[in-house]
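What follows is one structure encoded as structure tokens, with my remarks underneath.
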Amino acid sequence: MLQIDNLSKKFIMHIRSDAQIQGFDSISFQAHAGELVAITGPSGSGKSSLLKCIYRTYTPTGGHAYYCCQDGTTVDLAVAEPWEIIGLRSREIGYVSQFFSVIPRVSAIDILTQTQTARGVPARTARERAADYLEKVGIAPQLWDMYPATFSGGEKQRLNIANALITKPRLLLLDEPTASLDPRSKEWVMRMILDLKKEGAAMVGVFHDEIAIQTLADWRYEMRERKMVPIDYRMEYAAEELAAYA
């Protein structure tokens with residue numbers, strides 16, 4: 001579903017005589033339907049920048065990111081027009097960042113409802129599904145009509161994840177989705193990610209959490225010196241592990 005081919009990113013630091021910083025260089029890998037590619041490595045090694053280039057928050061400075069759309073066409077995300085990227089984000093590609101951007105004076109349930117109605121889901125169905133997802137990620141019903149600005153960090157992150165998963169994207173990009181979660185919340189979120197994998201979504205995620213990697217990942221790469229090195233790793237789930245998150 002996703003083919004990354006020699007993707008690179010350089011940052012121009014205009015404040016220091018146009019100095020250049022290499023975010024990452026010549027990255028290549030594939031993400032197939034129903035699988036999750038985990039990317040690990042130290043902070044500052046370019047992991048999040050790679051995700052942002054795929055999502056096109058950043059514009060790559062070299063290489064390609066070929067995405068196979070639901071209609072069978074292929075789009076190079078690295079060079080696609082902004083209107084194409086916006087359309088794919090609204091229909092097929094989801095992103096979970098490390099930080100939740102709070103929408104002022106919009107309740108948690110309305111955020112999830114509006115995400116769906118913007119894609120054509122009827123309002124009643126969207127609100128019912130929003131309540132179901134809030135329950136799935138463990139946000140208490142008394143918080144559903146409150147503004148996320150009042151939430152704890154973990155509650156904001158769970159809402160952030162629910163908002164990305166509720167539209168069931170075909171390609172999901174995850175930037176440390178379990179980093180700020182307690183063990184119970186982490187279990188809820190991992191179960192939801194596994195469910196989406198079973199439905200055929202392709203995923204690329206940045207992780208530091210070894211438990212999440214062992215539970216979710218099918219392929220693993222490590223960022224070393226701005227390049228991505230494959231780790232000899234192919235997850236084969238034990239029956240008892242699957243039962244715990246099925």
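Labels used: A, B, ... for chains in the order of the structure tokens, numbers from 1 for residues in each chain, and numbers from 1 for ligands as shown.
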Could you give me, as a PDB file with N, CA, C and O atoms, in the first residue's frame, each residue of range 97-188 of chain A that DSSP assigns to helix (DSSP H, G or I) when run on this structure's backbone?
ATOM      1  N   ALA A 108     -15.607  16.829  23.642  1.00  0.00           N
ATOM      2  CA  ALA A 108     -14.931  15.626  23.155  1.00  0.00           C
ATOM      3  C   ALA A 108     -15.814  14.849  22.192  1.00  0.00           C
ATOM      4  O   ALA A 108     -15.365  14.420  21.118  1.00  0.00           O
ATOM      5  N   ILE A 109     -17.082  14.665  22.552  1.00  0.00           N
ATOM      6  CA  ILE A 109     -17.957  13.868  21.680  1.00  0.00           C
ATOM      7  C   ILE A 109     -18.245  14.607  20.381  1.00  0.00           C
ATOM      8  O   ILE A 109     -18.378  13.989  19.318  1.00  0.00           O
ATOM      9  N   ASP A 110     -18.292  15.937  20.424  1.00  0.00           N
ATOM     10  CA  ASP A 110     -18.530  16.705  19.194  1.00  0.00           C
ATOM     11  C   ASP A 110     -17.317  16.653  18.267  1.00  0.00           C
ATOM     12  O   ASP A 110     -17.466  16.671  17.041  1.00  0.00           O
ATOM     13  N   ILE A 111     -16.107  16.599  18.840  1.00  0.00           N
ATOM     14  CA  ILE A 111     -14.904  16.487  18.007  1.00  0.00           C
ATOM     15  C   ILE A 111     -14.953  15.202  17.189  1.00  0.00           C
ATOM     16  O   ILE A 111     -14.749  15.215  15.971  1.00  0.00           O
ATOM     17  N   LEU A 112     -15.251  14.082  17.855  1.00  0.00           N
ATOM     18  CA  LEU A 112     -15.321  12.808  17.144  1.00  0.00           C
ATOM     19  C   LEU A 112     -16.496  12.763  16.178  1.00  0.00           C
ATOM     20  O   LEU A 112     -16.406  12.161  15.104  1.00  0.00           O
ATOM     21  N   THR A 113     -17.604  13.395  16.542  1.00  0.00           N
ATOM     22  CA  THR A 113     -18.774  13.437  15.660  1.00  0.00           C
ATOM     23  C   THR A 113     -18.467  14.237  14.399  1.00  0.00           C
ATOM     24  O   THR A 113     -18.757  13.812  13.279  1.00  0.00           O
ATOM     25  N   GLN A 114     -17.858  15.419  14.563  1.00  0.00           N
ATOM     26  CA  GLN A 114     -17.572  16.288  13.423  1.00  0.00           C
ATOM     27  C   GLN A 114     -16.540  15.668  12.481  1.00  0.00           C
ATOM     28  O   GLN A 114     -16.602  15.875  11.266  1.00  0.00           O
ATOM     29  N   THR A 115     -15.594  14.909  13.037  1.00  0.00           N
ATOM     30  CA  THR A 115     -14.622  14.225  12.187  1.00  0.00           C
ATOM     31  C   THR A 115     -15.325  13.295  11.203  1.00  0.00           C
ATOM     32  O   THR A 115     -14.925  13.184  10.036  1.00  0.00           O
ATOM     33  N   GLN A 116     -16.391  12.657  11.645  1.00  0.00           N
ATOM     34  CA  GLN A 116     -17.120  11.721  10.785  1.00  0.00           C
ATOM     35  C   GLN A 116     -18.094  12.418   9.845  1.00  0.00           C
ATOM     36  O   GLN A 116     -18.179  12.071   8.660  1.00  0.00           O
ATOM     37  N   THR A 117     -18.845  13.405  10.357  1.00  0.00           N
ATOM     38  CA  THR A 117     -19.814  14.082   9.487  1.00  0.00           C
ATOM     39  C   THR A 117     -19.113  14.809   8.350  1.00  0.00           C
ATOM     40  O   THR A 117     -19.675  14.965   7.261  1.00  0.00           O
ATOM     41  N   ALA A 123     -25.310  12.416  10.993  1.00  0.00           N
ATOM     42  CA  ALA A 123     -25.005  12.967  12.310  1.00  0.00           C
ATOM     43  C   ALA A 123     -25.364  12.004  13.445  1.00  0.00           C
ATOM     44  O   ALA A 123     -24.591  11.849  14.401  1.00  0.00           O
ATOM     45  N   ARG A 124     -26.512  11.356  13.357  1.00  0.00           N
ATOM     46  CA  ARG A 124     -26.924  10.451  14.442  1.00  0.00           C
ATOM     47  C   ARG A 124     -25.975   9.256  14.540  1.00  0.00           C
ATOM     48  O   ARG A 124     -25.540   8.885  15.633  1.00  0.00           O
ATOM     49  N   THR A 125     -25.649   8.672  13.383  1.00  0.00           N
ATOM     50  CA  THR A 125     -24.717   7.543  13.366  1.00  0.00           C
ATOM     51  C   THR A 125     -23.357   7.971  13.888  1.00  0.00           C
ATOM     52  O   THR A 125     -22.711   7.242  14.659  1.00  0.00           O
ATOM     53  N   ALA A 126     -22.913   9.153  13.464  1.00  0.00           N
ATOM     54  CA  ALA A 126     -21.604   9.652  13.875  1.00  0.00           C
ATOM     55  C   ALA A 126     -21.543   9.851  15.389  1.00  0.00           C
ATOM     56  O   ALA A 126     -20.525   9.528  16.023  1.00  0.00           O
ATOM     57  N   ARG A 127     -22.609  10.377  15.981  1.00  0.00           N
ATOM     58  CA  ARG A 127     -22.597  10.608  17.432  1.00  0.00           C
ATOM     59  C   ARG A 127     -22.622   9.294  18.207  1.00  0.00           C
ATOM     60  O   ARG A 127     -21.939   9.143  19.223  1.00  0.00           O
ATOM     61  N   GLU A 128     -23.377   8.321  17.718  1.00  0.00           N
ATOM     62  CA  GLU A 128     -23.413   7.013  18.374  1.00  0.00           C
ATOM     63  C   GLU A 128     -22.040   6.349  18.318  1.00  0.00           C
ATOM     64  O   GLU A 128     -21.570   5.767  19.303  1.00  0.00           O
ATOM     65  N   ARG A 129     -21.396   6.426  17.156  1.00  0.00           N
ATOM     66  CA  ARG A 129     -20.069   5.834  17.016  1.00  0.00           C
ATOM     67  C   ARG A 129     -19.047   6.584  17.862  1.00  0.00           C
ATOM     68  O   ARG A 129     -18.129   5.978  18.437  1.00  0.00           O
ATOM     69  N   ALA A 130     -19.200   7.909  17.971  1.00  0.00           N
ATOM     70  CA  ALA A 130     -18.298   8.706  18.806  1.00  0.00           C
ATOM     71  C   ALA A 130     -18.380   8.261  20.258  1.00  0.00           C
ATOM     72  O   ALA A 130     -17.357   8.102  20.933  1.00  0.00           O
ATOM     73  N   ALA A 131     -19.588   8.033  20.750  1.00  0.00           N
ATOM     74  CA  ALA A 131     -19.761   7.564  22.126  1.00  0.00           C
ATOM     75  C   ALA A 131     -19.114   6.196  22.316  1.00  0.00           C
ATOM     76  O   ALA A 131     -18.470   5.927  23.345  1.00  0.00           O
ATOM     77  N   ASP A 132     -19.262   5.322  21.309  1.00  0.00           N
ATOM     78  CA  ASP A 132     -18.666   3.985  21.380  1.00  0.00           C
ATOM     79  C   ASP A 132     -17.145   4.066  21.466  1.00  0.00           C
ATOM     80  O   ASP A 132     -16.519   3.363  22.274  1.00  0.00           O
ATOM     81  N   TYR A 133     -16.538   4.943  20.662  1.00  0.00           N
ATOM     82  CA  TYR A 133     -15.080   5.059  20.669  1.00  0.00           C
ATOM     83  C   TYR A 133     -14.572   5.711  21.948  1.00  0.00           C
ATOM     84  O   TYR A 133     -13.508   5.332  22.462  1.00  0.00           O
ATOM     85  N   LEU A 134     -15.293   6.686  22.472  1.00  0.00           N
ATOM     86  CA  LEU A 134     -14.888   7.290  23.743  1.00  0.00           C
ATOM     87  C   LEU A 134     -14.909   6.246  24.854  1.00  0.00           C
ATOM     88  O   LEU A 134     -14.028   6.221  25.718  1.00  0.00           O
ATOM     89  N   GLU A 135     -15.903   5.373  24.801  1.00  0.00           N
ATOM     90  CA  GLU A 135     -15.968   4.291  25.786  1.00  0.00           C
ATOM     91  C   GLU A 135     -14.815   3.312  25.588  1.00  0.00           C
ATOM     92  O   GLU A 135     -14.199   2.857  26.561  1.00  0.00           O
ATOM     93  N   LYS A 136     -14.492   3.013  24.322  1.00  0.00           N
ATOM     94  CA  LYS A 136     -13.423   2.062  24.031  1.00  0.00           C
ATOM     95  C   LYS A 136     -12.070   2.532  24.551  1.00  0.00           C
ATOM     96  O   LYS A 136     -11.246   1.717  24.976  1.00  0.00           O
ATOM     97  N   PRO A 141     -17.912   8.778  30.763  1.00  0.00           N
ATOM     98  CA  PRO A 141     -19.059   9.457  30.143  1.00  0.00           C
ATOM     99  C   PRO A 141     -19.270  10.889  30.626  1.00  0.00           C
ATOM    100  O   PRO A 141     -19.731  11.732  29.854  1.00  0.00           O
ATOM    101  N   GLN A 142     -18.940  11.165  31.880  1.00  0.00           N
ATOM    102  CA  GLN A 142     -19.136  12.524  32.394  1.00  0.00           C
ATOM    103  C   GLN A 142     -18.197  13.536  31.740  1.00  0.00           C
ATOM    104  O   GLN A 142     -18.396  14.749  31.894  1.00  0.00           O
ATOM    105  N   LEU A 143     -17.191  13.041  31.011  1.00  0.00           N
ATOM    106  CA  LEU A 143     -16.258  13.938  30.316  1.00  0.00           C
ATOM    107  C   LEU A 143     -16.628  14.161  28.850  1.00  0.00           C
ATOM    108  O   LEU A 143     -16.045  15.033  28.200  1.00  0.00           O
ATOM    109  N   PRO A 148     -11.788  19.331  25.803  1.00  0.00           N
ATOM    110  CA  PRO A 148     -10.533  18.616  26.038  1.00  0.00           C
ATOM    111  C   PRO A 148      -9.461  19.444  26.737  1.00  0.00           C
ATOM    112  O   PRO A 148      -8.512  18.880  27.282  1.00  0.00           O
ATOM    113  N   ALA A 149      -9.598  20.774  26.740  1.00  0.00           N
ATOM    114  CA  ALA A 149      -8.632  21.609  27.457  1.00  0.00           C
ATOM    115  C   ALA A 149      -8.589  21.275  28.937  1.00  0.00           C
ATOM    116  O   ALA A 149      -7.585  21.516  29.612  1.00  0.00           O
ATOM    117  N   THR A 150      -9.672  20.690  29.437  1.00  0.00           N
ATOM    118  CA  THR A 150      -9.738  20.329  30.858  1.00  0.00           C
ATOM    119  C   THR A 150      -9.221  18.924  31.122  1.00  0.00           C
ATOM    120  O   THR A 150      -9.147  18.514  32.278  1.00  0.00           O
ATOM    121  N   GLY A 153      -3.209  14.808  30.371  1.00  0.00           N
ATOM    122  CA  GLY A 153      -2.420  14.493  29.183  1.00  0.00           C
ATOM    123  C   GLY A 153      -2.793  13.156  28.574  1.00  0.00           C
ATOM    124  O   GLY A 153      -2.908  13.024  27.350  1.00  0.00           O
ATOM    125  N   GLY A 154      -3.005  12.149  29.418  1.00  0.00           N
ATOM    126  CA  GLY A 154      -3.372  10.823  28.926  1.00  0.00           C
ATOM    127  C   GLY A 154      -4.751  10.815  28.289  1.00  0.00           C
ATOM    128  O   GLY A 154      -4.973  10.139  27.277  1.00  0.00           O
ATOM    129  N   GLU A 155      -5.700  11.564  28.871  1.00  0.00           N
ATOM    130  CA  GLU A 155      -7.047  11.643  28.298  1.00  0.00           C
ATOM    131  C   GLU A 155      -7.026  12.336  26.937  1.00  0.00           C
ATOM    132  O   GLU A 155      -7.716  11.922  26.004  1.00  0.00           O
ATOM    133  N   LYS A 156      -6.208  13.378  26.826  1.00  0.00           N
ATOM    134  CA  LYS A 156      -6.077  14.056  25.535  1.00  0.00           C
ATOM    135  C   LYS A 156      -5.511  13.122  24.478  1.00  0.00           C
ATOM    136  O   LYS A 156      -5.973  13.107  23.327  1.00  0.00           O
ATOM    137  N   GLN A 157      -4.511  12.338  24.865  1.00  0.00           N
ATOM    138  CA  GLN A 157      -3.903  11.423  23.900  1.00  0.00           C
ATOM    139  C   GLN A 157      -4.882  10.336  23.486  1.00  0.00           C
ATOM    140  O   GLN A 157      -4.939   9.961  22.303  1.00  0.00           O
ATOM    141  N   ARG A 158      -5.682   9.827  24.426  1.00  0.00           N
ATOM    142  CA  ARG A 158      -6.674   8.813  24.081  1.00  0.00           C
ATOM    143  C   ARG A 158      -7.730   9.387  23.130  1.00  0.00           C
ATOM    144  O   ARG A 158      -8.170   8.721  22.197  1.00  0.00           O
ATOM    145  N   LEU A 159      -8.137  10.634  23.371  1.00  0.00           N
ATOM    146  CA  LEU A 159      -9.075  11.293  22.471  1.00  0.00           C
ATOM    147  C   LEU A 159      -8.447  11.491  21.097  1.00  0.00           C
ATOM    148  O   LEU A 159      -9.091  11.285  20.056  1.00  0.00           O
ATOM    149  N   ASN A 160      -7.194  11.869  21.082  1.00  0.00           N
ATOM    150  CA  ASN A 160      -6.445  12.050  19.839  1.00  0.00           C
ATOM    151  C   ASN A 160      -6.429  10.757  19.023  1.00  0.00           C
ATOM    152  O   ASN A 160      -6.670  10.752  17.808  1.00  0.00           O
ATOM    153  N   ILE A 161      -6.160   9.640  19.685  1.00  0.00           N
ATOM    154  CA  ILE A 161      -6.104   8.339  19.009  1.00  0.00           C
ATOM    155  C   ILE A 161      -7.486   7.930  18.514  1.00  0.00           C
ATOM    156  O   ILE A 161      -7.643   7.475  17.379  1.00  0.00           O
ATOM    157  N   ALA A 162      -8.505   8.118  19.357  1.00  0.00           N
ATOM    158  CA  ALA A 162      -9.866   7.782  18.941  1.00  0.00           C
ATOM    159  C   ALA A 162     -10.281   8.592  17.726  1.00  0.00           C
ATOM    160  O   ALA A 162     -10.932   8.074  16.810  1.00  0.00           O
ATOM    161  N   ASN A 163      -9.894   9.851  17.692  1.00  0.00           N
ATOM    162  CA  ASN A 163     -10.261  10.719  16.576  1.00  0.00           C
ATOM    163  C   ASN A 163      -9.601  10.277  15.274  1.00  0.00           C
ATOM    164  O   ASN A 163     -10.165  10.441  14.186  1.00  0.00           O
ATOM    165  N   ALA A 164      -8.410   9.700  15.366  1.00  0.00           N
ATOM    166  CA  ALA A 164      -7.725   9.202  14.171  1.00  0.00           C
ATOM    167  C   ALA A 164      -8.279   7.855  13.721  1.00  0.00           C
ATOM    168  O   ALA A 164      -8.378   7.584  12.519  1.00  0.00           O
ATOM    169  N   LEU A 165      -8.649   7.000  14.674  1.00  0.00           N
ATOM    170  CA  LEU A 165      -9.082   5.646  14.335  1.00  0.00           C
ATOM    171  C   LEU A 165     -10.541   5.570  13.918  1.00  0.00           C
ATOM    172  O   LEU A 165     -10.929   4.642  13.192  1.00  0.00           O
ATOM    173  N   PRO A 183      -0.946   1.853  31.907  1.00  0.00           N
ATOM    174  CA  PRO A 183      -1.031   0.485  31.365  1.00  0.00           C
ATOM    175  C   PRO A 183      -2.420   0.097  30.861  1.00  0.00           C
ATOM    176  O   PRO A 183      -2.544  -0.539  29.813  1.00  0.00           O
ATOM    177  N   ARG A 184      -3.476   0.488  31.582  1.00  0.00           N
ATOM    178  CA  ARG A 184      -4.820   0.109  31.148  1.00  0.00           C
ATOM    179  C   ARG A 184      -5.197   0.817  29.846  1.00  0.00           C
ATOM    180  O   ARG A 184      -5.733   0.203  28.929  1.00  0.00           O
ATOM    181  N   SER A 185      -4.890   2.114  29.766  1.00  0.00           N
ATOM    182  CA  SER A 185      -5.178   2.868  28.544  1.00  0.00           C
ATOM    183  C   SER A 185      -4.373   2.329  27.377  1.00  0.00           C
ATOM    184  O   SER A 185      -4.862   2.247  26.241  1.00  0.00           O
ATOM    185  N   LYS A 186      -3.126   1.941  27.648  1.00  0.00           N
ATOM    186  CA  LYS A 186      -2.278   1.374  26.596  1.00  0.00           C
ATOM    187  C   LYS A 186      -2.899   0.109  26.040  1.00  0.00           C
ATOM    188  O   LYS A 186      -2.891  -0.121  24.818  1.00  0.00           O
ATOM    189  N   GLU A 187      -3.458  -0.720  26.917  1.00  0.00           N
ATOM    190  CA  GLU A 187      -4.093  -1.957  26.463  1.00  0.00           C
ATOM    191  C   GLU A 187      -5.291  -1.650  25.578  1.00  0.00           C
ATOM    192  O   GLU A 187      -5.478  -2.281  24.522  1.00  0.00           O
ATOM    193  N   TRP A 188      -6.123  -0.672  25.963  1.00  0.00           N
ATOM    194  CA  TRP A 188      -7.271  -0.282  25.140  1.00  0.00           C
ATOM    195  C   TRP A 188      -6.813   0.139  23.744  1.00  0.00           C
ATOM    196  O   TRP A 188      -7.369  -0.280  22.736  1.00  0.00           O
TER     197      TRP A 188
END
(message) Need to verify the contact set: range 216-230 of chain A, 7 Å, only C-alpha atoms, exclusion of same-chain residues closer than 2 positions in sequence. Can you return it as a PyMOL selection string?
(response) chain A and resi 23-27+35-41+45-47+194+212-214+232-235
Since we have the selection now, will you write its residues out, keeping N, CA and C atoms, as a PDB file, in the first residue's frame?
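After the write, part19.pdb holds the following:
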ATOM      1  N   GLY A  23      17.775  15.803   8.070  1.00  0.00           N
ATOM      2  CA  GLY A  23      16.812  15.140   8.947  1.00  0.00           C
ATOM      3  C   GLY A  23      16.925  13.632   8.847  1.00  0.00           C
ATOM      4  N   PHE A  24      16.895  13.119   7.612  1.00  0.00           N
ATOM      5  CA  PHE A  24      17.133  11.705   7.330  1.00  0.00           C
ATOM      6  C   PHE A  24      17.511  11.601   5.856  1.00  0.00           C
ATOM      7  N   ASP A  25      18.067  10.457   5.479  1.00  0.00           N
ATOM      8  CA  ASP A  25      18.625  10.359   4.131  1.00  0.00           C
ATOM      9  C   ASP A  25      18.387   8.973   3.542  1.00  0.00           C
ATOM     10  N   SER A  26      17.883   8.939   2.315  1.00  0.00           N
ATOM     11  CA  SER A  26      17.761   7.715   1.507  1.00  0.00           C
ATOM     12  C   SER A  26      17.038   6.591   2.247  1.00  0.00           C
ATOM     13  N   ILE A  27      15.826   6.896   2.726  1.00  0.00           N
ATOM     14  CA  ILE A  27      15.011   5.903   3.434  1.00  0.00           C
ATOM     15  C   ILE A  27      14.155   5.136   2.432  1.00  0.00           C
ATOM     16  N   GLU A  35      -0.527  -4.719   8.058  1.00  0.00           N
ATOM     17  CA  GLU A  35       0.740  -4.824   8.772  1.00  0.00           C
ATOM     18  C   GLU A  35       1.153  -3.471   9.341  1.00  0.00           C
ATOM     19  N   LEU A  36       1.957  -3.531  10.410  1.00  0.00           N
ATOM     20  CA  LEU A  36       2.491  -2.323  11.032  1.00  0.00           C
ATOM     21  C   LEU A  36       4.014  -2.357  10.983  1.00  0.00           C
ATOM     22  N   VAL A  37       4.595  -1.295  10.453  1.00  0.00           N
ATOM     23  CA  VAL A  37       6.041  -1.113  10.420  1.00  0.00           C
ATOM     24  C   VAL A  37       6.424  -0.218  11.591  1.00  0.00           C
ATOM     25  N   ALA A  38       7.245  -0.736  12.501  1.00  0.00           N
ATOM     26  CA  ALA A  38       7.695   0.031  13.658  1.00  0.00           C
ATOM     27  C   ALA A  38       9.066   0.627  13.400  1.00  0.00           C
ATOM     28  N   ILE A  39       9.219   1.907  13.732  1.00  0.00           N
ATOM     29  CA  ILE A  39      10.494   2.603  13.572  1.00  0.00           C
ATOM     30  C   ILE A  39      10.973   3.024  14.960  1.00  0.00           C
ATOM     31  N   THR A  40      12.183   2.607  15.310  1.00  0.00           N
ATOM     32  CA  THR A  40      12.753   2.927  16.607  1.00  0.00           C
ATOM     33  C   THR A  40      14.041   3.730  16.409  1.00  0.00           C
ATOM     34  N   GLY A  41      14.634   4.120  17.516  1.00  0.00           N
ATOM     35  CA  GLY A  41      15.873   4.886  17.451  1.00  0.00           C
ATOM     36  C   GLY A  41      15.859   6.022  18.456  1.00  0.00           C
ATOM     37  N   SER A  45      16.692  11.437  15.856  1.00  0.00           N
ATOM     38  CA  SER A  45      17.288  10.676  14.756  1.00  0.00           C
ATOM     39  C   SER A  45      16.504  10.804  13.452  1.00  0.00           C
ATOM     40  N   GLY A  46      15.371  11.513  13.468  1.00  0.00           N
ATOM     41  CA  GLY A  46      14.614  11.742  12.247  1.00  0.00           C
ATOM     42  C   GLY A  46      13.338  10.940  12.101  1.00  0.00           C
ATOM     43  N   LYS A  47      12.943  10.207  13.141  1.00  0.00           N
ATOM     44  CA  LYS A  47      11.765   9.333  13.049  1.00  0.00           C
ATOM     45  C   LYS A  47      10.488  10.130  12.792  1.00  0.00           C
ATOM     46  N   LEU A 194      -4.854  -3.143  16.805  1.00  0.00           N
ATOM     47  CA  LEU A 194      -4.888  -4.502  16.269  1.00  0.00           C
ATOM     48  C   LEU A 194      -6.170  -4.761  15.487  1.00  0.00           C
ATOM     49  N   ALA A 212       4.681  -2.228  23.302  1.00  0.00           N
ATOM     50  CA  ALA A 212       3.856  -1.892  22.140  1.00  0.00           C
ATOM     51  C   ALA A 212       4.448  -2.475  20.861  1.00  0.00           C
ATOM     52  N   ILE A 213       5.765  -2.416  20.727  1.00  0.00           N
ATOM     53  CA  ILE A 213       6.411  -2.963  19.533  1.00  0.00           C
ATOM     54  C   ILE A 213       6.174  -4.464  19.446  1.00  0.00           C
ATOM     55  N   GLN A 214       6.407  -5.168  20.551  1.00  0.00           N
ATOM     56  CA  GLN A 214       6.248  -6.616  20.547  1.00  0.00           C
ATOM     57  C   GLN A 214       4.798  -7.025  20.286  1.00  0.00           C
ATOM     58  N   ASP A 232      16.385  -7.685  12.183  1.00  0.00           N
ATOM     59  CA  ASP A 232      15.979  -9.057  11.887  1.00  0.00           C
ATOM     60  C   ASP A 232      14.821  -9.406  12.815  1.00  0.00           C
ATOM     61  N   TYR A 233      13.629  -9.117  12.321  1.00  0.00           N
ATOM     62  CA  TYR A 233      12.483  -9.146  13.218  1.00  0.00           C
ATOM     63  C   TYR A 233      11.228  -9.379  12.396  1.00  0.00           C
ATOM     64  N   ARG A 234      10.477 -10.412  12.719  1.00  0.00           N
ATOM     65  CA  ARG A 234       9.160 -10.623  12.106  1.00  0.00           C
ATOM     66  C   ARG A 234       8.268 -11.174  13.190  1.00  0.00           C
ATOM     67  N   MET A 235       7.255 -10.379  13.591  1.00  0.00           N
ATOM     68  CA  MET A 235       6.448 -10.741  14.754  1.00  0.00           C
ATOM     69  C   MET A 235       5.574 -11.941  14.434  1.00  0.00           C
TER      70      MET A 235
END
(request) Assign secondary structure with DSSP using the backbone only, and return the residues of range 155-228 of chain A in strand (DSSP E or B) as a PyMOL selection string. (result) chain A and resi 171-175+202-206+219-224+227-228
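Separating CA of Glu210 in chain A from CA of Thr178 in chain A is a distance of 10.6 Å.
Our summary of the geometry notes that CA of Ala78 in chain A is positioned 25.4 Å from CA of Ala118 in chain A.
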(request) Return the single residue from A:Lys198, A:Arg91, A:Arg119, A:Arg191 that is closest to Ala33 in chain A, with distances computed using only C-alpha atoms. (result) A:Lys198
(request) Name the closest residue to Gln20 in chain A among the candidates A:Ile86, A:Ser48, A:Tyr55, A:Thr61; distances are taken between atoms, counting only C-alpha atoms. (result) A:Thr61
Please provide as a PDB file with all heavy atoms, in the first residue's frame all residues within 8 Å of Glu176 in chain A, with the sequence filter that same-chain residues fewer than 4 positions apart are discarded (counting only C-alpha atoms).
ATOM      1  N   SER A  97      -0.400  12.243  16.239  1.00  0.00           N
ATOM      2  CA  SER A  97       0.811  12.926  16.666  1.00  0.00           C
ATOM      3  C   SER A  97       1.052  12.697  18.151  1.00  0.00           C
ATOM      4  O   SER A  97       0.205  12.134  18.870  1.00  0.00           O
ATOM      5  CB  SER A  97       0.703  14.429  16.382  1.00  0.00           C
ATOM      6  OG  SER A  97      -0.247  15.016  17.252  1.00  0.00           O
ATOM      7  N   GLN A  98       2.191  13.171  18.630  1.00  0.00           N
ATOM      8  CA  GLN A  98       2.499  13.074  20.054  1.00  0.00           C
ATOM      9  C   GLN A  98       1.691  14.074  20.869  1.00  0.00           C
ATOM     10  O   GLN A  98       1.554  13.938  22.075  1.00  0.00           O
ATOM     11  CB  GLN A  98       3.981  13.354  20.289  1.00  0.00           C
ATOM     12  CG  GLN A  98       4.923  12.398  19.606  1.00  0.00           C
ATOM     13  CD  GLN A  98       6.364  12.757  19.862  1.00  0.00           C
ATOM     14  OE1 GLN A  98       6.776  13.011  20.994  1.00  0.00           O
ATOM     15  NE2 GLN A  98       7.170  12.800  18.812  1.00  0.00           N
ATOM     16  N   GLY A 205       4.626   3.337  12.367  1.00  0.00           N
ATOM     17  CA  GLY A 205       4.616   3.965  13.682  1.00  0.00           C
ATOM     18  C   GLY A 205       5.997   4.161  14.268  1.00  0.00           C
ATOM     19  O   GLY A 205       6.883   3.320  14.081  1.00  0.00           O
ATOM     20  N   VAL A 206       6.156   5.274  14.954  1.00  0.00           N
ATOM     21  CA  VAL A 206       7.368   5.553  15.727  1.00  0.00           C
ATOM     22  C   VAL A 206       7.110   5.102  17.161  1.00  0.00           C
ATOM     23  O   VAL A 206       6.093   5.475  17.762  1.00  0.00           O
ATOM     24  CB  VAL A 206       7.710   7.054  15.693  1.00  0.00           C
ATOM     25  CG1 VAL A 206       8.784   7.386  16.717  1.00  0.00           C
ATOM     26  CG2 VAL A 206       8.157   7.452  14.300  1.00  0.00           C
ATOM     27  N   PHE A 207       8.014   4.300  17.712  1.00  0.00           N
ATOM     28  CA  PHE A 207       7.817   3.749  19.052  1.00  0.00           C
ATOM     29  C   PHE A 207       9.114   3.778  19.853  1.00  0.00           C
ATOM     30  O   PHE A 207      10.201   3.575  19.307  1.00  0.00           O
ATOM     31  CB  PHE A 207       7.355   2.289  18.969  1.00  0.00           C
ATOM     32  CG  PHE A 207       5.985   2.089  18.403  1.00  0.00           C
ATOM     33  CD1 PHE A 207       5.819   1.845  17.045  1.00  0.00           C
ATOM     34  CD2 PHE A 207       4.863   2.123  19.212  1.00  0.00           C
ATOM     35  CE1 PHE A 207       4.562   1.655  16.506  1.00  0.00           C
ATOM     36  CE2 PHE A 207       3.593   1.929  18.688  1.00  0.00           C
ATOM     37  CZ  PHE A 207       3.447   1.697  17.328  1.00  0.00           C
ATOM     38  N   HIS A 208       8.971   4.006  21.173  1.00  0.00           N
ATOM     39  CA  HIS A 208      10.020   3.740  22.139  1.00  0.00           C
ATOM     40  C   HIS A 208       9.592   2.623  23.094  1.00  0.00           C
ATOM     41  O   HIS A 208      10.410   2.078  23.817  1.00  0.00           O
ATOM     42  CB  HIS A 208      10.355   5.001  22.954  1.00  0.00           C
ATOM     43  CG  HIS A 208      11.140   6.023  22.184  1.00  0.00           C
ATOM     44  ND1 HIS A 208      10.726   7.318  22.002  1.00  0.00           N
ATOM     45  CD2 HIS A 208      12.315   5.916  21.528  1.00  0.00           C
ATOM     46  CE1 HIS A 208      11.615   7.976  21.276  1.00  0.00           C
ATOM     47  NE2 HIS A 208      12.592   7.136  20.980  1.00  0.00           N
ATOM     48  N   ASP A 209       8.304   2.334  23.085  1.00  0.00           N
ATOM     49  CA  ASP A 209       7.702   1.390  24.016  1.00  0.00           C
ATOM     50  C   ASP A 209       7.890  -0.039  23.497  1.00  0.00           C
ATOM     51  O   ASP A 209       7.279  -0.442  22.504  1.00  0.00           O
ATOM     52  CB  ASP A 209       6.218   1.722  24.167  1.00  0.00           C
ATOM     53  CG  ASP A 209       5.514   0.874  25.203  1.00  0.00           C
ATOM     54  OD1 ASP A 209       6.007  -0.233  25.507  1.00  0.00           O
ATOM     55  OD2 ASP A 209       4.473   1.307  25.711  1.00  0.00           O
TER      56      ASP A 209
END
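From CA of Met203 in chain A back to CA of Arg170 in chain A, the distance works out to 8.3 Å.
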(request) Go through A:Cys53, A:Leu88, A:Met146, A:Leu77 and flag the residue nearest Ser107 in chain A, using only C-alpha atoms for the distances. (result) A:Met146
